[in-house]
file protein_19.txt (compact mmCIF, N, CA and C atoms)
# COMPACT_ATOMS: atom_id res chain seq x y z
N ILE A 1091 106.67 -121.10 -6.74
CA ILE A 1091 107.98 -121.64 -6.43
C ILE A 1091 107.86 -122.46 -5.14
N LYS A 1092 108.70 -123.44 -5.03
CA LYS A 1092 108.74 -124.24 -3.81
C LYS A 1092 109.51 -123.49 -2.73
N TYR A 1093 109.20 -123.83 -1.50
CA TYR A 1093 109.79 -123.16 -0.34
C TYR A 1093 111.32 -123.18 -0.39
N LYS A 1094 111.90 -124.36 -0.60
CA LYS A 1094 113.36 -124.49 -0.62
C LYS A 1094 113.98 -123.64 -1.73
N THR A 1095 113.34 -123.64 -2.89
CA THR A 1095 113.83 -122.85 -4.01
C THR A 1095 113.77 -121.37 -3.69
N ALA A 1096 112.67 -120.93 -3.07
CA ALA A 1096 112.53 -119.52 -2.70
C ALA A 1096 113.62 -119.12 -1.72
N LYS A 1097 113.90 -119.97 -0.75
CA LYS A 1097 114.95 -119.67 0.24
C LYS A 1097 116.31 -119.54 -0.44
N GLU A 1098 116.62 -120.46 -1.34
CA GLU A 1098 117.89 -120.41 -2.07
C GLU A 1098 117.97 -119.14 -2.93
N MET A 1099 116.85 -118.76 -3.55
CA MET A 1099 116.84 -117.55 -4.38
C MET A 1099 117.09 -116.30 -3.54
N VAL A 1100 116.51 -116.26 -2.36
CA VAL A 1100 116.73 -115.12 -1.46
C VAL A 1100 118.20 -115.04 -1.06
N TYR A 1101 118.77 -116.17 -0.66
CA TYR A 1101 120.19 -116.20 -0.27
C TYR A 1101 121.06 -115.72 -1.43
N ASP A 1102 120.85 -116.29 -2.61
CA ASP A 1102 121.66 -115.94 -3.77
C ASP A 1102 121.51 -114.45 -4.12
N PHE A 1103 120.27 -113.96 -4.06
CA PHE A 1103 120.00 -112.57 -4.39
C PHE A 1103 120.73 -111.62 -3.44
N ILE A 1104 120.64 -111.88 -2.16
CA ILE A 1104 121.27 -111.00 -1.18
C ILE A 1104 122.79 -111.06 -1.29
N LEU A 1105 123.33 -112.25 -1.37
CA LEU A 1105 124.80 -112.38 -1.46
C LEU A 1105 125.35 -111.76 -2.74
N SER A 1106 124.66 -111.97 -3.87
CA SER A 1106 125.15 -111.39 -5.13
C SER A 1106 124.96 -109.87 -5.14
N SER A 1107 123.87 -109.38 -4.54
CA SER A 1107 123.65 -107.93 -4.46
C SER A 1107 124.74 -107.28 -3.62
N HIS A 1108 125.08 -107.90 -2.51
CA HIS A 1108 126.14 -107.38 -1.65
C HIS A 1108 127.47 -107.37 -2.39
N LYS A 1109 127.76 -108.45 -3.07
CA LYS A 1109 129.03 -108.56 -3.81
C LYS A 1109 129.13 -107.50 -4.91
N LYS A 1110 127.98 -107.14 -5.51
CA LYS A 1110 127.95 -106.11 -6.56
C LYS A 1110 128.04 -104.70 -5.98
N GLY A 1111 127.98 -104.58 -4.66
CA GLY A 1111 128.08 -103.28 -4.03
C GLY A 1111 126.75 -102.56 -3.89
N LEU A 1112 125.65 -103.26 -4.12
CA LEU A 1112 124.34 -102.64 -3.94
C LEU A 1112 124.11 -102.39 -2.46
N ARG A 1113 123.45 -101.31 -2.13
CA ARG A 1113 123.23 -100.96 -0.73
C ARG A 1113 121.77 -101.06 -0.31
N LEU A 1114 120.84 -100.99 -1.27
CA LEU A 1114 119.41 -101.04 -0.97
C LEU A 1114 118.73 -101.98 -1.95
N VAL A 1115 118.08 -103.00 -1.45
CA VAL A 1115 117.38 -103.96 -2.31
C VAL A 1115 115.98 -104.20 -1.79
N LEU A 1116 115.12 -104.63 -2.68
CA LEU A 1116 113.72 -104.88 -2.37
C LEU A 1116 113.41 -106.35 -2.61
N ILE A 1117 112.81 -107.00 -1.63
CA ILE A 1117 112.35 -108.38 -1.79
C ILE A 1117 110.84 -108.39 -1.62
N ILE A 1118 110.15 -108.86 -2.64
CA ILE A 1118 108.69 -108.92 -2.60
C ILE A 1118 108.27 -110.33 -2.25
N THR A 1119 107.61 -110.47 -1.12
CA THR A 1119 107.13 -111.79 -0.68
C THR A 1119 105.66 -111.97 -1.00
N GLY A 1120 104.96 -110.89 -1.21
CA GLY A 1120 103.51 -110.95 -1.31
C GLY A 1120 102.92 -110.94 0.09
N LYS A 1121 101.65 -110.68 0.16
CA LYS A 1121 101.00 -110.60 1.47
C LYS A 1121 100.44 -111.93 1.92
N GLY A 1122 100.46 -112.92 1.06
CA GLY A 1122 99.95 -114.23 1.43
C GLY A 1122 98.47 -114.36 1.16
N LYS A 1123 97.93 -115.42 1.64
CA LYS A 1123 96.51 -115.72 1.45
C LYS A 1123 95.66 -114.71 2.23
N ARG A 1124 94.69 -114.15 1.56
CA ARG A 1124 93.78 -113.21 2.23
C ARG A 1124 92.82 -113.97 3.12
N LEU A 1125 92.68 -113.47 4.31
CA LEU A 1125 91.72 -114.05 5.24
C LEU A 1125 90.40 -113.30 5.15
N ASN A 1126 89.38 -113.78 5.81
CA ASN A 1126 88.05 -113.18 5.71
C ASN A 1126 87.95 -111.86 6.50
N ILE A 1127 86.82 -111.23 6.37
CA ILE A 1127 86.61 -109.91 7.00
C ILE A 1127 86.72 -109.98 8.52
N GLU A 1128 86.30 -111.10 9.12
CA GLU A 1128 86.40 -111.24 10.57
C GLU A 1128 87.85 -111.17 11.03
N SER A 1129 88.76 -111.53 10.16
CA SER A 1129 90.19 -111.49 10.47
C SER A 1129 90.83 -110.17 10.03
N GLY A 1130 90.00 -109.25 9.60
CA GLY A 1130 90.51 -107.94 9.20
C GLY A 1130 91.14 -107.92 7.82
N TRP A 1131 90.82 -108.91 6.98
CA TRP A 1131 91.35 -109.01 5.62
C TRP A 1131 92.86 -109.15 5.58
N LYS A 1132 93.47 -109.46 6.70
CA LYS A 1132 94.93 -109.57 6.73
C LYS A 1132 95.37 -110.85 6.02
N GLY A 1133 96.53 -110.77 5.44
CA GLY A 1133 97.08 -111.93 4.76
C GLY A 1133 98.12 -112.62 5.62
N SER A 1134 98.28 -113.88 5.39
CA SER A 1134 99.35 -114.62 6.06
C SER A 1134 100.02 -115.48 5.01
N GLY A 1135 101.31 -115.39 4.92
CA GLY A 1135 102.03 -116.16 3.93
C GLY A 1135 103.29 -116.74 4.51
N ILE A 1136 103.65 -117.91 4.04
CA ILE A 1136 104.83 -118.59 4.56
C ILE A 1136 106.10 -117.79 4.27
N LEU A 1137 106.24 -117.30 3.04
CA LEU A 1137 107.46 -116.54 2.71
C LEU A 1137 107.52 -115.25 3.50
N LYS A 1138 106.38 -114.59 3.63
CA LYS A 1138 106.33 -113.34 4.38
C LYS A 1138 106.73 -113.57 5.84
N GLU A 1139 106.27 -114.66 6.42
CA GLU A 1139 106.57 -114.95 7.82
C GLU A 1139 108.00 -115.45 8.02
N ASP A 1140 108.53 -116.21 7.07
CA ASP A 1140 109.84 -116.82 7.25
C ASP A 1140 111.01 -115.98 6.78
N LEU A 1141 110.78 -115.00 5.94
CA LEU A 1141 111.88 -114.16 5.45
C LEU A 1141 112.70 -113.57 6.59
N PRO A 1142 112.10 -113.00 7.64
CA PRO A 1142 112.91 -112.46 8.74
C PRO A 1142 113.82 -113.51 9.39
N LYS A 1143 113.36 -114.76 9.46
CA LYS A 1143 114.20 -115.84 10.01
C LYS A 1143 115.42 -116.06 9.12
N TRP A 1144 115.19 -116.08 7.82
CA TRP A 1144 116.29 -116.28 6.88
C TRP A 1144 117.29 -115.12 6.96
N LEU A 1145 116.77 -113.90 7.06
CA LEU A 1145 117.64 -112.72 7.12
C LEU A 1145 118.47 -112.69 8.39
N GLY A 1146 118.00 -113.35 9.43
CA GLY A 1146 118.72 -113.37 10.69
C GLY A 1146 119.79 -114.43 10.80
N CYS A 1147 119.91 -115.29 9.80
CA CYS A 1147 120.94 -116.34 9.86
C CYS A 1147 122.31 -115.72 9.61
N GLY A 1148 123.35 -116.39 10.08
CA GLY A 1148 124.72 -115.86 10.01
C GLY A 1148 125.19 -115.43 8.64
N ALA A 1149 124.93 -116.26 7.62
CA ALA A 1149 125.42 -115.96 6.28
C ALA A 1149 124.83 -114.67 5.73
N LEU A 1150 123.59 -114.38 6.08
CA LEU A 1150 122.94 -113.18 5.56
C LEU A 1150 123.02 -112.01 6.53
N SER A 1151 122.89 -112.27 7.80
CA SER A 1151 122.87 -111.16 8.77
C SER A 1151 124.17 -110.37 8.76
N SER A 1152 125.26 -111.01 8.37
CA SER A 1152 126.54 -110.30 8.31
C SER A 1152 126.61 -109.34 7.13
N LYS A 1153 125.66 -109.43 6.21
CA LYS A 1153 125.62 -108.55 5.03
C LYS A 1153 124.57 -107.45 5.16
N ILE A 1154 123.69 -107.55 6.18
CA ILE A 1154 122.54 -106.66 6.29
C ILE A 1154 122.70 -105.72 7.48
N ILE A 1155 122.47 -104.43 7.24
CA ILE A 1155 122.47 -103.45 8.32
C ILE A 1155 121.10 -103.44 8.98
N TYR A 1156 120.06 -103.39 8.15
CA TYR A 1156 118.71 -103.18 8.65
C TYR A 1156 117.72 -103.59 7.57
N TYR A 1157 116.53 -104.01 7.98
CA TYR A 1157 115.45 -104.25 7.02
C TYR A 1157 114.13 -103.91 7.67
N ASP A 1158 113.16 -103.58 6.81
CA ASP A 1158 111.83 -103.23 7.29
C ASP A 1158 110.84 -103.39 6.15
N SER A 1159 109.55 -103.31 6.47
CA SER A 1159 108.53 -103.33 5.42
C SER A 1159 108.76 -102.16 4.48
N ALA A 1160 108.48 -102.40 3.22
CA ALA A 1160 108.65 -101.36 2.21
C ALA A 1160 107.53 -100.32 2.31
N PRO A 1161 107.78 -99.11 1.79
CA PRO A 1161 106.69 -98.14 1.70
C PRO A 1161 105.56 -98.71 0.83
N ALA A 1162 104.35 -98.22 1.02
CA ALA A 1162 103.18 -98.74 0.31
C ALA A 1162 103.38 -98.79 -1.20
N LYS A 1163 104.00 -97.77 -1.77
CA LYS A 1163 104.17 -97.74 -3.24
C LYS A 1163 105.15 -98.80 -3.74
N TYR A 1164 105.90 -99.43 -2.83
CA TYR A 1164 106.82 -100.50 -3.22
C TYR A 1164 106.40 -101.87 -2.70
N GLY A 1165 105.19 -101.97 -2.20
CA GLY A 1165 104.69 -103.28 -1.76
C GLY A 1165 104.22 -103.33 -0.32
N GLY A 1166 104.50 -102.31 0.45
CA GLY A 1166 104.03 -102.28 1.83
C GLY A 1166 104.43 -103.51 2.62
N THR A 1167 103.48 -104.09 3.33
CA THR A 1167 103.78 -105.25 4.18
C THR A 1167 104.03 -106.52 3.37
N GLY A 1168 103.86 -106.45 2.06
CA GLY A 1168 104.15 -107.60 1.21
C GLY A 1168 105.54 -107.54 0.61
N ALA A 1169 106.38 -106.67 1.14
CA ALA A 1169 107.75 -106.52 0.63
C ALA A 1169 108.65 -106.01 1.75
N LYS A 1170 109.93 -106.30 1.61
CA LYS A 1170 110.92 -105.81 2.58
C LYS A 1170 112.01 -105.05 1.83
N LEU A 1171 112.39 -103.92 2.42
CA LEU A 1171 113.56 -103.17 1.94
C LEU A 1171 114.73 -103.58 2.83
N LEU A 1172 115.83 -103.94 2.21
CA LEU A 1172 117.03 -104.34 2.95
C LEU A 1172 118.13 -103.34 2.67
N TYR A 1173 118.76 -102.88 3.73
CA TYR A 1173 119.91 -101.99 3.64
C TYR A 1173 121.15 -102.85 3.87
N LEU A 1174 121.96 -102.97 2.84
CA LEU A 1174 123.13 -103.84 2.89
C LEU A 1174 124.39 -103.09 3.32
N LYS A 1175 125.28 -103.81 3.98
CA LYS A 1175 126.57 -103.24 4.36
C LYS A 1175 127.42 -103.03 3.12
N LYS A 1176 128.40 -102.16 3.24
CA LYS A 1176 129.35 -101.97 2.14
C LYS A 1176 130.15 -103.24 1.96
N ALA A 1177 130.35 -103.62 0.71
CA ALA A 1177 131.19 -104.78 0.42
C ALA A 1177 132.64 -104.39 0.67
N THR A 1178 133.40 -105.28 1.26
CA THR A 1178 134.82 -104.99 1.54
C THR A 1178 135.68 -105.76 0.54
N GLY A 1179 136.79 -105.16 0.21
CA GLY A 1179 137.78 -105.81 -0.63
C GLY A 1179 137.37 -105.86 -2.01

call {"tool": "encode", "arguments": {"input": "protein_19.txt", "output": "structure tokens"}}
result
Amino acid sequence: IKYKTAKEMVYDFILSSHKKGLRLVLIITGKGKRLNIESGWKGSGILKEDLPKWLGCGALSSKIIYYDSAPAKYGGTGAKLLYLKKATG
């Protein structure tokens, strides 16, 4: 997917999840491109790095209580668990 499309999908997913009254959602970004052993095999990915910026914007941050890396069985550092606020009205 293209960057802009991914960003729009994240926005739509979070806003629609909040509207449906969901309180816990999982976003899988992947771990990104694997680096060599000298770099500790760590991955770096654009979506993984930019997701926190998107979540911090006004339209989304007002819907989110907290987010963090998912437990290993749900994707670990390649995924984020988001705790959403209760929908009002």

call {"tool": "select_by_dssp", "arguments": {"input": "protein_19.txt", "residues": "chain A", "states": "alpha helix (DSSP H)", "output": "PyMOL selection string"}}
result
chain A and resi 1093-1109+1136-1145+1148-1151

call {"tool": "atom_distance", "arguments": {"input": "protein_19.txt", "atom1": "CA of Gly1135 in chain A", "atom2": "atom N of Lys1109 in chain A"}}
result
27.8 Å

call {"tool": "select_by_dssp", "arguments": {"input": "protein_19.txt", "residues": "chain A", "states": "strand (DSSP E or B)", "output": "PyMOL selection string"}}
result
chain A and resi 1114-1118+1123-1124+1133-1134+1154-1159+1169-1174

call {"tool": "closest_residue", "arguments": {"input": "protein_19.txt", "among": "A:Ile1117, A:Ala1149, A:Leu1112, A:Leu1141", "to": "Gly1165 in chain A", "atoms": "all atoms listed in the file"}}
result
A:Ile1117

call {"tool": "closest_residue", "arguments": {"input": "protein_19.txt", "among": "A:Ile1154, A:Thr1178, A:Ala1162, A:Ala1169", "to": "Leu1114 in chain A", "atoms": "only C-alpha atoms"}}
result
A:Ile1154

call {"tool": "atom_distance", "arguments": {"input": "protein_19.txt", "atom1": "atom C of Ile1091 in chain A", "atom2": "CA of Leu1137 in chain A"}}
result
9.8 Å

call {"tool": "closest_residue", "arguments": {"input": "protein_19.txt", "among": "A:Trp1144, A:Asp1158, A:Gly1168, A:Ala1177", "to": "Tyr1101 in chain A", "atoms": "only C-alpha atoms"}}
result
A:Trp1144
